[in-house]
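A.B. asks: This is the content of data_13.txt (compact mmCIF, C-alpha atoms):
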```
# COMPACT_ATOMS: atom_id res chain seq x y z
CA MET A 252 -4.78 24.79 8.40
CA LEU A 253 -5.50 24.96 12.12
CA VAL A 254 -2.43 26.92 13.31
CA GLN A 255 -1.88 29.91 11.03
CA THR A 256 -1.63 33.41 12.53
CA GLY A 257 1.09 36.06 12.30
CA ARG A 258 4.59 34.66 12.07
CA CYS A 259 3.15 31.16 12.24
CA ALA A 260 2.08 31.44 8.60
CA ALA A 261 5.56 30.38 7.57
CA ARG A 262 5.28 27.44 9.89
CA SER A 263 2.04 26.59 8.15
CA ARG A 264 3.76 26.44 4.78
CA LEU A 265 6.41 24.19 6.30
CA LEU A 266 3.72 21.92 7.66
CA GLU A 267 2.18 21.58 4.21
CA SER A 268 5.53 20.44 2.81
CA LEU A 269 6.27 17.83 5.47
CA THR A 270 6.66 14.24 4.31
CA HIS A 271 6.23 11.00 6.17
CA LYS A 272 9.98 10.97 6.89
CA ASP A 273 9.78 14.32 8.67
CA PHE A 274 6.92 13.18 10.82
CA GLY A 275 8.00 9.60 11.41
CA VAL A 276 4.60 8.28 10.34
CA MET A 277 3.77 7.06 6.85
CA TYR A 278 0.70 8.66 5.27
CA ARG A 279 -0.79 9.61 1.93
CA ILE A 280 -3.01 12.65 1.34
CA PRO A 281 -6.11 11.55 -0.60
CA SER A 282 -6.35 12.61 -4.22
CA THR A 283 -10.03 11.85 -4.76
CA ARG A 284 -13.29 12.65 -3.05
CA THR A 285 -13.56 12.29 0.72
CA ALA A 286 -15.89 13.53 3.42
CA PRO A 287 -15.91 17.31 4.11
CA VAL A 288 -13.59 16.69 7.06
CA THR A 289 -11.40 13.65 6.43
CA VAL A 290 -8.31 11.88 7.67
CA GLN A 291 -6.37 14.69 5.99
CA ALA A 292 -7.72 17.12 8.57
CA VAL A 293 -6.96 14.74 11.39
CA LEU A 294 -3.41 14.27 10.10
CA SER A 295 -2.99 18.04 9.97
CA CYS A 296 -4.03 18.22 13.61
CA ALA A 297 -1.60 15.49 14.57
CA LEU A 298 1.26 17.03 12.61
CA CYS A 299 0.74 20.31 14.42
CA LEU A 300 1.84 18.63 17.65
CA CYS A 301 5.38 18.44 16.30
CA LEU A 302 5.51 22.24 15.78
CA LEU A 303 3.99 23.39 19.07
CA ALA A 304 7.21 24.40 20.79
CA SER A 305 8.37 26.71 17.97
CA CYS A 306 4.95 28.22 17.27
CA ALA A 307 3.84 28.81 20.85
CA ARG A 308 5.88 31.94 21.55
CA HIS A 309 4.60 33.69 18.39
CA ARG A 310 0.92 32.96 18.83
CA LYS A 311 -1.64 35.22 20.47
CA PRO A 312 -3.34 33.82 23.56
CA PRO A 313 -6.03 31.45 22.32
CA GLU A 314 -9.55 31.29 23.54
CA PRO A 315 -10.15 28.70 26.29
CA PRO A 316 -10.54 25.24 24.78
CA PRO A 317 -14.10 24.08 24.30
CA PRO A 318 -15.51 21.65 26.84
CA PRO A 319 -15.03 17.96 26.10
CA PRO A 320 -17.63 16.70 23.65
CA LYS A 321 -20.40 14.45 24.78
CA ALA A 322 -20.14 10.71 24.41
CA GLN A 323 -20.00 9.73 20.75
CA SER A 324 -23.04 8.29 19.05
CA GLU A 325 -23.16 5.60 16.45
CA THR A 326 -23.14 8.25 13.72
CA LEU A 327 -20.04 10.08 14.99
CA ASP A 328 -17.88 11.22 12.07
CA ILE A 329 -14.38 12.64 11.81
CA GLN A 330 -15.66 16.17 12.51
CA GLN A 331 -16.01 15.40 16.22
CA LEU A 332 -12.56 13.84 16.38
CA SER A 333 -11.09 16.88 14.63
CA GLN A 334 -12.66 19.15 17.26
CA GLU A 335 -11.20 17.06 20.06
CA LEU A 336 -7.74 17.24 18.51
CA ARG A 337 -8.08 20.99 18.00
CA ALA A 338 -8.87 21.42 21.70
CA LEU A 339 -5.84 19.31 22.65
CA ILE A 340 -3.54 21.35 20.40
CA GLU A 341 -4.84 24.66 21.75
CA GLN A 342 -4.29 23.43 25.30
CA ARG A 343 -0.70 22.40 24.55
CA ILE A 344 0.01 25.78 22.89
CA GLN A 345 -1.34 27.62 25.92
CA GLU A 346 0.81 25.54 28.26
CA GLN A 347 3.92 26.26 26.20
CA ARG A 348 3.18 29.98 25.94
CA THR A 349 2.46 30.56 29.63
CA GLY A 350 5.12 28.19 30.89
CA ALA A 351 2.48 26.34 32.85
CA ALA A 352 3.67 23.45 34.95
CA ARG A 353 3.85 20.29 32.91
CA ALA A 354 1.43 17.64 33.98
CA PRO A 355 2.95 14.27 34.88
CA GLY A 356 3.51 12.31 31.69
CA ALA A 357 2.97 15.34 29.38
CA PRO A 358 5.21 15.23 26.27
CA THR A 359 8.26 17.47 26.16
CA THR A 360 10.41 16.11 23.34
CA LYS A 361 9.81 15.70 19.62
CA ALA A 362 9.90 11.91 20.02
CA GLU A 363 7.18 12.06 22.64
CA LEU A 364 5.08 14.36 20.46
CA GLN A 365 5.48 11.95 17.56
CA ARG A 366 4.35 9.11 19.80
CA ILE A 367 1.24 11.11 20.71
CA ALA A 368 0.61 11.83 17.03
CA ARG A 369 0.81 8.13 16.16
CA ALA A 370 -1.62 7.37 18.96
CA LEU A 371 -4.02 9.96 17.51
CA LEU A 372 -3.78 8.33 14.09
CA GLU A 373 -4.53 4.94 15.61
CA GLU A 374 -7.49 6.39 17.49
CA THR A 375 -8.75 7.83 14.20
CA ARG A 376 -8.61 4.41 12.56
CA LYS A 377 -10.36 2.73 15.48
CA ARG A 378 -13.23 5.20 15.40
CA LEU A 379 -13.59 4.88 11.65
CA GLN A 380 -13.61 1.09 11.93
CA SER A 381 -16.22 1.19 14.69
CA GLN A 382 -18.47 3.44 12.64
CA LEU A 383 -17.91 1.28 9.55
CA ARG A 384 -18.82 -1.91 11.42
CA SER A 385 -22.16 -0.39 12.47
CA MET A 386 -22.89 0.63 8.89
CA ILE A 387 -21.94 -2.81 7.47
CA GLU A 388 -24.19 -4.55 9.99
CA ARG A 389 -27.08 -2.34 8.88
CA ARG A 390 -26.48 -3.12 5.21
CA LEU A 391 -25.32 -6.75 5.27
CA GLY A 392 -26.78 -7.96 8.54
CA PRO A 393 -25.52 -8.33 12.12
CA MET A 394 -22.75 -10.62 13.25
CA GLN A 395 -24.17 -13.98 14.27
CA GLY A 396 -23.48 -15.38 17.70
CA LEU A 397 -21.11 -18.17 18.61
CA GLN A 398 -22.57 -21.63 18.48
CA MET A 399 -21.45 -25.09 19.47
CA ASP A 400 -21.68 -27.45 16.53
CA GLU A 401 -21.77 -31.15 17.25
CA ILE A 402 -19.86 -33.04 14.61
CA TRP A 403 -18.61 -36.56 14.33
CA LEU A 404 -14.95 -37.50 14.57
CA GLU A 405 -13.40 -40.78 13.56
CA ALA A 406 -11.45 -42.34 16.44
CA LEU A 407 -10.06 -45.63 17.58
CA ASP A 408 -11.54 -47.37 20.62
CA GLU A 409 -9.60 -49.35 23.21
CA ARG A 410 -9.65 -52.41 20.94
CA GLY A 411 -8.30 -50.47 17.96
CA ARG A 412 -11.62 -50.38 16.12
CA LEU A 413 -12.60 -47.33 14.06
CA ILE A 414 -15.65 -45.61 15.56
CA ASP A 415 -17.41 -42.26 15.29
CA ILE A 416 -17.64 -39.98 18.31
CA PRO A 417 -19.44 -36.61 18.63
CA VAL A 418 -17.29 -33.52 19.31
CA ALA A 419 -18.58 -30.03 20.13
CA VAL A 420 -16.80 -27.19 18.31
CA GLN A 421 -17.17 -23.44 18.80
CA THR A 422 -17.91 -21.71 15.47
CA ARG A 423 -19.42 -18.50 14.13
CA PRO A 424 -21.38 -18.54 10.83
CA LEU A 425 -20.08 -16.15 8.15
CA ARG A 426 -21.46 -14.74 4.92
CA PHE A 427 -19.89 -15.40 1.51
CA LEU A 428 -18.91 -12.06 -0.01
CA ALA A 429 -18.81 -13.38 -3.57
CA ALA A 430 -22.53 -14.24 -3.48
CA PRO A 431 -24.24 -11.83 -5.93
CA ASP A 432 -26.28 -9.92 -3.34
CA ASN A 433 -23.33 -9.58 -0.93
CA ALA A 434 -20.96 -8.53 -3.71
CA SER A 435 -23.40 -5.87 -4.90
CA THR A 436 -23.86 -4.51 -1.37
CA THR A 437 -20.10 -4.43 -0.79
CA ARG A 438 -19.61 -2.36 -3.94
CA SER A 439 -22.45 -0.07 -2.86
CA ILE A 440 -20.92 0.45 0.59
CA LEU A 441 -17.56 1.51 -0.85
CA ALA A 442 -19.21 3.69 -3.51
CA THR A 443 -21.47 5.64 -1.16
CA ASP A 444 -19.81 5.67 2.26
CA ASP A 445 -16.82 7.95 2.81
CA VAL A 446 -15.92 6.30 6.12
CA ALA A 447 -14.87 3.09 4.36
CA LEU A 448 -12.72 4.97 1.86
CA ALA A 449 -11.22 7.24 4.53
CA LEU A 450 -9.54 4.19 6.06
CA TYR A 451 -7.43 3.90 2.90
CA ASP A 452 -6.49 7.57 2.54
CA ASP A 453 -3.39 7.50 4.76
CA LEU A 454 -2.11 4.00 3.89
CA PRO A 455 1.25 3.61 2.13
CA SER A 456 1.16 2.98 -1.62
CA GLU A 457 3.68 0.14 -1.26
CA VAL A 458 3.82 -2.33 1.64
CA ALA A 459 7.20 -3.98 2.15
CA PRO A 460 8.32 -6.39 4.90
CA ASP A 461 10.93 -5.53 7.51
CA ASP A 462 12.20 -9.09 7.58
CA ALA A 463 11.70 -12.14 5.38
CA VAL A 464 12.64 -15.81 5.27
CA PHE A 465 11.56 -18.35 2.69
CA PHE A 466 8.09 -19.01 4.16
CA ARG A 467 7.44 -16.02 6.46
CA ARG A 468 7.58 -12.22 6.26
CA MET A 469 7.26 -9.70 9.08
CA TYR A 470 5.72 -6.22 8.82
CA THR A 471 5.81 -3.38 11.35
CA GLY A 472 4.83 0.28 11.50
CA GLU A 473 2.51 1.65 8.84
CA ALA A 474 3.04 -1.42 6.63
CA ALA A 475 1.58 -3.59 9.39
CA ALA A 476 -1.22 -1.08 10.00
CA ALA A 477 -2.14 -1.19 6.30
CA ILE A 478 -2.43 -5.00 6.25
CA ALA A 479 -4.35 -4.99 9.53
CA THR A 480 -6.79 -2.38 8.16
CA GLU A 481 -7.76 -4.53 5.17
CA ALA A 482 -7.80 -7.75 7.21
CA LYS A 483 -10.25 -6.16 9.67
CA LEU A 484 -12.41 -4.88 6.82
CA LEU A 485 -12.61 -8.35 5.24
CA VAL A 486 -13.53 -10.00 8.54
CA THR A 487 -16.16 -7.32 9.23
CA LEU A 488 -17.69 -7.64 5.75
CA LYS A 489 -17.96 -11.43 6.25
CA GLY A 490 -19.70 -10.94 9.60
CA GLY A 491 -16.83 -12.18 11.76
CA GLU A 492 -15.40 -10.97 15.04
CA TRP A 493 -12.07 -9.20 15.44
CA SER A 494 -10.40 -9.79 18.81
CA GLU A 495 -9.22 -6.53 20.38
CA PRO A 496 -6.43 -6.39 23.01
CA GLN A 497 -7.48 -6.01 26.61
CA PRO A 498 -5.98 -3.12 28.66
CA GLY A 499 -2.27 -3.74 29.00
CA GLY A 500 -2.43 -6.91 26.90
CA ARG A 501 -2.10 -8.27 23.37
CA ALA A 502 -4.47 -9.94 20.94
CA ALA A 503 -3.91 -12.00 17.81
CA ASN A 504 -6.18 -12.51 14.80
CA ALA A 505 -5.53 -14.70 11.77
CA ILE A 506 -6.98 -14.74 8.28
CA ALA A 507 -6.12 -17.29 5.59
CA ILE A 508 -6.73 -16.34 1.96
CA ARG A 509 -7.20 -19.14 -0.55
CA GLY A 510 -5.42 -18.59 -3.85
CA LEU A 511 -3.25 -15.68 -2.61
CA ASP A 512 0.23 -17.02 -3.32
CA LEU A 513 2.98 -15.54 -1.14
CA ASP A 514 5.18 -14.63 -4.13
CA ARG A 515 2.78 -14.52 -7.09
CA GLY A 516 -0.30 -12.83 -5.68
CA LEU A 517 -3.96 -13.65 -6.28
CA LEU A 518 -4.40 -16.59 -8.68
CA PRO A 519 -6.91 -19.41 -9.25
CA ASN A 520 -6.89 -21.67 -6.21
CA GLY A 521 -6.01 -25.36 -6.20
CA ASN A 522 -4.98 -28.13 -3.82
CA GLN A 523 -1.71 -29.23 -5.44
CA HIS A 524 0.63 -26.53 -4.09
CA TYR A 525 1.16 -24.21 -1.12
CA ASP A 526 -0.76 -21.41 -2.82
CA ASP A 527 -2.57 -19.88 0.17
CA THR A 528 -1.37 -17.18 2.60
CA MET A 529 -2.06 -16.68 6.30
CA TYR A 530 -1.79 -13.28 7.97
CA LEU A 531 -1.28 -13.25 11.73
CA VAL A 532 -2.04 -9.76 13.11
CA ILE A 533 -0.73 -9.03 16.60
CA GLU A 534 -1.93 -5.85 18.31
CA GLU A 535 -0.83 -4.49 21.68
CA ASP A 536 -2.94 -2.17 23.79
CA GLY A 537 -1.36 1.27 23.40
CA GLY A 538 1.48 -0.20 21.36
CA ASP A 539 2.45 -1.03 17.80
CA THR A 540 0.95 -3.59 15.44
CA GLU A 541 2.96 -6.43 13.93
CA VAL A 542 1.88 -8.66 11.05
CA TYR A 543 3.35 -12.03 10.09
CA GLU A 544 2.67 -13.45 6.62
CA TYR A 545 3.04 -17.21 6.03
CA ARG A 546 3.00 -19.42 2.95
CA MET A 547 0.54 -22.26 3.62
CA THR A 548 -2.31 -24.40 2.36
CA THR A 549 -5.86 -24.61 3.68
CA GLU A 550 -6.89 -27.70 1.72
CA SER A 551 -6.47 -31.44 1.75
CA SER A 552 -3.59 -32.74 -0.34
CA SER A 553 -5.29 -36.05 -1.03
CA ASP A 554 -7.11 -36.48 -4.33
CA ARG A 555 -7.98 -40.03 -3.35
CA GLU A 556 -10.09 -38.85 -0.39
CA GLY A 557 -11.41 -35.75 -2.15
CA VAL A 558 -10.48 -32.14 -1.50
CA GLY A 559 -10.92 -31.44 2.21
CA ARG A 560 -11.79 -27.89 3.27
CA LEU A 561 -12.93 -26.19 6.43
CA ASN A 562 -16.40 -24.73 5.99
CA ALA A 563 -16.89 -20.96 5.76
CA LYS A 564 -17.21 -20.41 9.49
CA GLN A 565 -15.01 -18.47 11.88
CA VAL A 566 -13.27 -20.78 14.32
CA THR A 567 -10.85 -20.34 17.21
CA TYR A 568 -7.45 -21.99 17.40
CA VAL A 569 -5.83 -22.74 20.75
CA ARG A 570 -2.34 -23.83 21.72
CA GLY A 571 -2.09 -27.59 21.64
CA LEU A 572 -0.34 -30.58 20.09
CA HIS A 573 -0.36 -32.22 16.68
CA ARG A 574 0.04 -35.99 16.46
CA GLY A 575 -0.17 -35.91 20.24
CA LYS A 576 3.38 -34.59 20.68
CA ASP A 577 4.35 -31.69 18.37
CA PRO A 578 3.62 -28.05 19.39
CA ALA A 579 0.86 -26.71 17.14
CA TYR A 580 -2.64 -25.18 17.25
CA ARG A 581 -5.88 -27.14 17.40
CA LEU A 582 -9.47 -26.05 17.01
CA LYS A 583 -11.36 -25.09 20.12
CA GLY A 584 -13.30 -28.26 20.63
CA ASN A 585 -10.77 -30.31 18.58
CA GLU A 586 -12.67 -30.32 15.29
CA ALA A 587 -14.45 -28.05 12.81
CA GLU A 588 -17.12 -29.02 10.35
CA GLY A 589 -15.97 -29.50 6.78
CA THR A 590 -16.70 -31.30 3.55
CA ARG A 591 -14.91 -33.58 1.11
CA LEU A 592 -15.53 -32.18 -2.34
CA GLY A 593 -15.70 -34.68 -5.17
CA ARG A 594 -17.39 -37.44 -3.18
CA GLU A 595 -21.06 -38.06 -2.62
CA GLY A 596 -22.34 -36.74 0.69
CA THR A 597 -20.64 -34.77 3.48
CA TYR A 598 -17.70 -36.15 5.43
CA LYS A 599 -15.93 -34.81 8.48
CA ILE A 600 -12.38 -33.49 8.37
CA MET A 601 -10.20 -35.01 11.06
CA GLY A 602 -7.96 -32.75 13.09
CA ALA A 603 -7.78 -29.55 11.01
CA ASN A 604 -4.80 -28.43 13.13
CA ILE A 605 -2.32 -25.69 12.22
CA HIS A 606 1.00 -27.51 11.92
CA SER A 607 4.23 -27.66 9.92
CA ALA A 608 4.80 -29.40 6.60
CA TYR A 609 7.23 -31.89 8.20
CA THR A 610 9.85 -31.47 5.49
CA ARG A 611 13.43 -30.23 5.28
CA ARG A 612 12.92 -29.23 1.68
CA ARG A 613 12.51 -25.55 0.93
CA ILE A 614 8.94 -24.94 -0.26
CA ASP A 615 8.06 -22.40 -2.96
CA SER A 616 5.18 -21.77 -5.37
CA GLU A 617 6.04 -24.86 -7.43
CA THR A 618 6.53 -27.36 -4.60
CA PRO A 619 3.83 -30.06 -4.85
CA LEU A 620 1.87 -31.06 -1.79
CA SER A 621 2.64 -34.50 -0.43
CA PRO A 622 -0.48 -36.70 -0.70
CA THR A 623 -0.37 -37.36 3.06
CA VAL A 624 0.74 -33.99 4.47
CA SER A 625 -2.80 -32.71 5.01
CA LEU A 626 -6.25 -34.23 5.23
CA GLY A 627 -7.88 -30.89 5.97
CA CYS A 628 -5.29 -29.33 8.28
CA GLN A 629 -3.94 -25.80 7.88
CA VAL A 630 -0.31 -26.48 6.94
CA ILE A 631 2.46 -23.87 7.16
CA ALA A 632 5.13 -24.37 4.47
CA ALA A 633 8.01 -24.92 6.87
CA ASP A 634 9.94 -27.67 8.58
CA LYS A 635 9.00 -28.56 12.14
CA ASP A 636 11.77 -26.54 13.85
CA SER A 637 11.20 -23.38 11.78
CA PHE A 638 7.44 -23.59 12.31
CA GLU A 639 7.86 -23.82 16.06
CA GLU A 640 10.40 -20.99 16.15
CA MET A 641 8.54 -18.51 13.92
CA LEU A 642 4.95 -19.18 14.95
CA VAL A 643 4.55 -21.23 18.13
CA ASN A 644 7.45 -19.72 20.08
CA LEU A 645 6.52 -16.25 18.82
CA LEU A 646 3.02 -16.45 20.27
CA ASP A 647 4.20 -18.25 23.41
CA GLY A 648 6.61 -15.39 24.07
CA LEU A 649 3.80 -12.86 23.72
CA GLY A 650 1.48 -14.80 26.01
CA VAL A 651 -1.04 -15.47 23.21
CA THR A 652 -2.65 -18.90 23.56
CA GLU A 653 -5.66 -18.60 21.23
CA PHE A 654 -6.89 -16.53 18.30
CA PRO A 655 -9.87 -16.34 15.91
CA TYR A 656 -9.23 -17.75 12.43
CA THR A 657 -11.14 -16.69 9.33
CA ILE A 658 -10.76 -18.31 5.90
CA ILE A 659 -11.36 -15.95 2.97
CA ALA A 660 -11.86 -17.25 -0.56
CA GLY A 661 -9.91 -15.66 -3.38
CA ASP A 662 -13.22 -14.73 -5.02
CA GLU A 663 -14.14 -12.74 -1.91
CA LEU A 664 -10.86 -10.82 -1.96
CA SER A 665 -11.46 -10.15 -5.67
CA VAL A 666 -14.84 -8.58 -4.81
CA LEU A 667 -13.19 -6.16 -2.37
CA ASP A 668 -10.35 -5.45 -4.80
CA GLY A 669 -12.78 -4.60 -7.61
CA ALA A 670 -14.90 -2.37 -5.36
CA LEU A 671 -11.82 -0.50 -4.17
CA ARG A 672 -10.43 -0.07 -7.67
CA GLU A 673 -13.69 1.57 -8.75
CA GLN A 674 -13.01 4.20 -6.07
CA ALA A 675 -9.28 4.58 -6.94
CA ARG A 676 -8.17 2.87 -3.71
CA PRO A 677 -5.92 -0.12 -4.52
CA SER A 678 -6.37 -3.17 -2.32
CA VAL A 679 -3.57 -3.62 0.21
CA LEU A 680 -3.28 -7.40 -0.08
CA VAL A 681 -3.73 -7.60 -3.85
CA ARG A 682 -1.94 -4.49 -5.11
CA ARG A 683 0.16 -2.83 -2.39
CA VAL A 684 2.00 -5.71 -0.73
CA LEU A 685 5.19 -6.22 -2.73
CA ARG A 686 5.48 -9.74 -4.16
CA PRO A 687 8.63 -10.76 -6.07
CA GLU A 688 6.82 -12.79 -8.73
CA ALA A 689 3.50 -10.96 -8.96
CA GLY A 690 2.18 -10.74 -12.50
CA PRO A 691 0.16 -8.06 -14.29
CA TYR A 692 -2.94 -8.84 -12.24
CA ALA A 693 -1.34 -7.48 -9.07
CA GLN A 694 0.56 -4.62 -10.71
CA SER A 695 -2.14 -3.11 -12.90
CA GLN A 696 -4.00 -0.14 -11.48
```
Could the structure of this file be written out as structure tokens, please?
C.D. replies:
Amino acid sequence: MLVQTGRCAARSRLLESLTHKDFGVMYRIPSTRTAPVTVQAVLSCALCLCLLASCARHRKPPEPPPPPPKAQSETLDIQQLSQELRALIEQRIQEQRTGAARAPGAPTTKAELQRIARALLEETRKRLQSQLRSMIERRLGPMQGLQMDEIWLEALDERGRLIDIPVAVQTRPLRFLAAPDNASTTRSILATDDVALALYDDLPSEVAPDDAVFFRRMYTGEAAAAIATEAKLLVTLKGGEWSEPQPGGRAANAIAIRGLDLDRGLLPNGNQHYDDTMYLVIEEDGGDTEVYEYRMTTESSSDREGVGRLNAKQVTYVRGLHRGKDPAYRLKGNEAEGTRLGREGTYKIMGANIHSAYTRRRIDSETPLSPTVSLGCQVIAADKDSFEEMLVNLLDGLGVTEFPYTIIAGDELSVLDGALREQARPSVLVRRVLRPEAGPYAQSQ
């Protein structure tokens, strides 16, 4: 414990008994192995901020805080962050004890101290994720650059004749985590690197939405942070890019998981129902994270034309129109490369927009896909008005006009889930997000 002298020993015991309700931040102290100095130590530092005012008058004058550490290197671990937090705490204690003039913007109330503590937790996660990305790139390979793929799109000419035209699309190649070599390396990373596991040490054991309608759920606070943590890890493991908010702005990232049913959890994937789930993660610079979870499908609903799927590449969606008139999201460059499974050769998917299901019927896990609702588009299981209100208008109101989109196969999520279970860290998306109809697969530990 960092603050524990004289009459502050009692305060120390109180600190050890604090729960997430006392602090206003959800966390879980790790029960298995972690690095010598882990998130637990960082949390202890952050929690101390809430007790500064009462401890300051009983503490002996501290030594001057150490000078700021040098710029972090690629191998920076939590020890350096812990030292920085220790220096900040000592400085605040000294200010309280001596009655030094408060600097503009310095916290004075418990609410402000809690806000600072949350910011410290978020900074901890960001540094861990940065260090983890460097390690993953060393083990699995670097992220590949953006490329413009020229693909062919069926179109009608001025005379109404069907022709093929080339369209350039911005894509980023990704790796397939379920490939034997990648799966083995993923398990090795989680078995040998404490940084990856430390990300899971303070996540809630159950992740519940703040608001839910039949096709969409909203998460805030630590529930949103938990989903965002695993979404970022999946994108990083696949070699994709995660868009970070610019100073004073917001950023959105989306992942779509095939075979992760909104209500039933991870199951074998098909193209007959809305059995996929999209997570839209919205992060604000210096602010909170929000996550929106949508029932959807990523595949073609037409057996006659074969099962249409976007290829395993990261693409970017931008605000646009579907059918030339309905608010939706289209691929940057209008088209992404894909295949029609079940037919000889490779065919191009037309459109591949994110749009509504164009139905007034309530869609659940048993609702069959209409044969014409999707020929490779990413379809949200909602009527047109609800789709526009709960996705398009949401992002319009936040000033978000484009976002990276990463499709993750159910087999890839299973690889991460298995690797985490071996280290006694349940997957967030498979085992912590509460699903009303999830079977034994999602509930077993």
A.B. asks: To one decimal place, how far is CA of Ser494 (chain A) from CA of Asp453 (chain A) in Å?
C.D. replies: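 Between CA of Ser494 (chain A) and CA of Asp453 (chain A) the gap works out to 23.4 Å.
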A.B. asks: What are the centre and edge lengths in Å, to one decimal, of the axis-aligned box around all listed atoms of region 568-573 of chain A with 6 Å added on each side, as JSON?
C.D. replies:
```
{"center_x": -3.9, "center_y": -27.1, "center_z": 19.2, "size_x": 19.1, "size_y": 22.2, "size_z": 17.0}
```
A.B. asks: I need the residue nearest Lys377 (chain A) from this list: A:Ala338, A:Ala479, A:Val464, A:Ala459. Use all atoms listed in the file for the distance.
C.D. replies: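 Nearest to Lys377 (chain A): A:Ala479.
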A.B. asks: What does the distance between CA of Ala430 (chain A) and CA of Ala675 (chain A) come to in Å, to one decimal place?
C.D. replies: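 Spanning CA of Ala430 (chain A) to CA of Ala675 (chain A) is a straight-line distance of 23.3 Å.
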A.B. asks: From the list A:Asp539, A:Glu544, A:Ala579, A:Ala670, which residue is nearest Ala370 (chain A) when using all atoms listed in the file?
C.D. replies: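 Nearest candidate to Ala370 (chain A) out of A:Asp539, A:Glu544, A:Ala579, A:Ala670: A:Asp539.
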A.B. asks: Got a sec to check which residues sit within 7 Å of (-23.0, -15.7, 5.1), counting only C-alpha atoms, and write them as a PyMOL selection string?
C.D. replies: chain A and resi 424-427+489
A.B. asks: Please save C-alpha atoms of the selected residues as a PDB file, keeping the file's coordinate frame.
C.D. replies:
```pdb
ATOM      1  CA  PRO A 424     -21.380 -18.540  10.830  1.00  0.00           C
ATOM      2  CA  LEU A 425     -20.080 -16.150   8.150  1.00  0.00           C
ATOM      3  CA  ARG A 426     -21.460 -14.740   4.920  1.00  0.00           C
ATOM      4  CA  PHE A 427     -19.890 -15.400   1.510  1.00  0.00           C
ATOM      5  CA  LYS A 489     -17.960 -11.430   6.250  1.00  0.00           C
TER       6      LYS A 489
END
```
A.B. asks: I need the residue nearest Asp636 (chain A) from this list: A:Met547, A:Ala608, A:Leu664, A:Leu582. Use all atoms listed in the file for the distance.
C.D. replies: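 Smallest distance to Asp636 (chain A) is found for A:Ala608.
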A.B. asks: Hey, what's within 10 Å of region 384-388 of chain A if we count all atoms listed in the file and toss same-chain stuff fewer than 3 positions away? As a list of chain:residue names, please?
C.D. replies: A:Glu325, A:Thr326, A:Arg378, A:Leu379, A:Gln380, A:Ser381, A:Leu391, A:Gly392, A:Pro393, A:Met394, A:Thr436, A:Thr437, A:Ile440, A:Asp444, A:Val446, A:Ala447, A:Lys483, A:Leu484, A:Thr487, A:Leu488, A:Lys489, A:Gly490
A.B. asks: Could you check the closest approach to Val566 (chain A) for each of A:Leu448, A:Val458, A:Leu645, A:Ile506 and tell me which residue wins, using only C-alpha atoms?
C.D. replies: A:Ile506
A.B. asks: Residues around (11.6, -9.2, 6.7), cut-off 12 Å, counting only C-alpha atoms - what are they as a PyMOL selection string?
C.D. replies: chain A and resi 458-471+474-475+541-545+685
A.B. asks: Could you tell me how far CA of Gly571 (chain A) sits from CA of Val420 (chain A), in Å to one decimal place?
C.D. replies: 15.1 Å
A.B. asks: With all atoms listed in the file as the basis for distance, which of A:Arg611, A:Arg546, A:His573, A:Arg682 is at the shortest distance from Cys628 (chain A)?
C.D. replies: A:His573
A.B. asks: A:Arg581, A:Arg515, A:Arg570, A:His524: which is nearest Ala689 (chain A), counting all atoms listed in the file?
C.D. replies: A:Arg515
A.B. asks: Can you list, as a list in words, every protein, DNA or RNA residue that comes within 10 Å of Trp493 (chain A) when you count all atoms listed in the file, leaving out same-chain residues fewer than 6 positions away?
C.D. replies: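 Residues near the query, excluding close chain neighbours: Ala482, Lys483, Leu484, Val486, Thr487, Ala502, Ala503, Asn504, Ala505, Phe654, Pro655, Tyr656 and Thr657 of chain A.
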A.B. asks: Quick one: write out the picked residues with C-alpha atoms as a compact mmCIF listing (two decimals), keeping the file's coordinate frame?
C.D. replies:
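Output file out39.txt is given in full below:
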```
# COMPACT_ATOMS: atom_id res chain seq x y z
CA ALA A 482 -7.80 -7.75 7.21
CA LYS A 483 -10.25 -6.16 9.67
CA LEU A 484 -12.41 -4.88 6.82
CA VAL A 486 -13.53 -10.00 8.54
CA THR A 487 -16.16 -7.32 9.23
CA ALA A 502 -4.47 -9.94 20.94
CA ALA A 503 -3.91 -12.00 17.81
CA ASN A 504 -6.18 -12.51 14.80
CA ALA A 505 -5.53 -14.70 11.77
CA PHE A 654 -6.89 -16.53 18.30
CA PRO A 655 -9.87 -16.34 15.91
CA TYR A 656 -9.23 -17.75 12.43
CA THR A 657 -11.14 -16.69 9.33
```
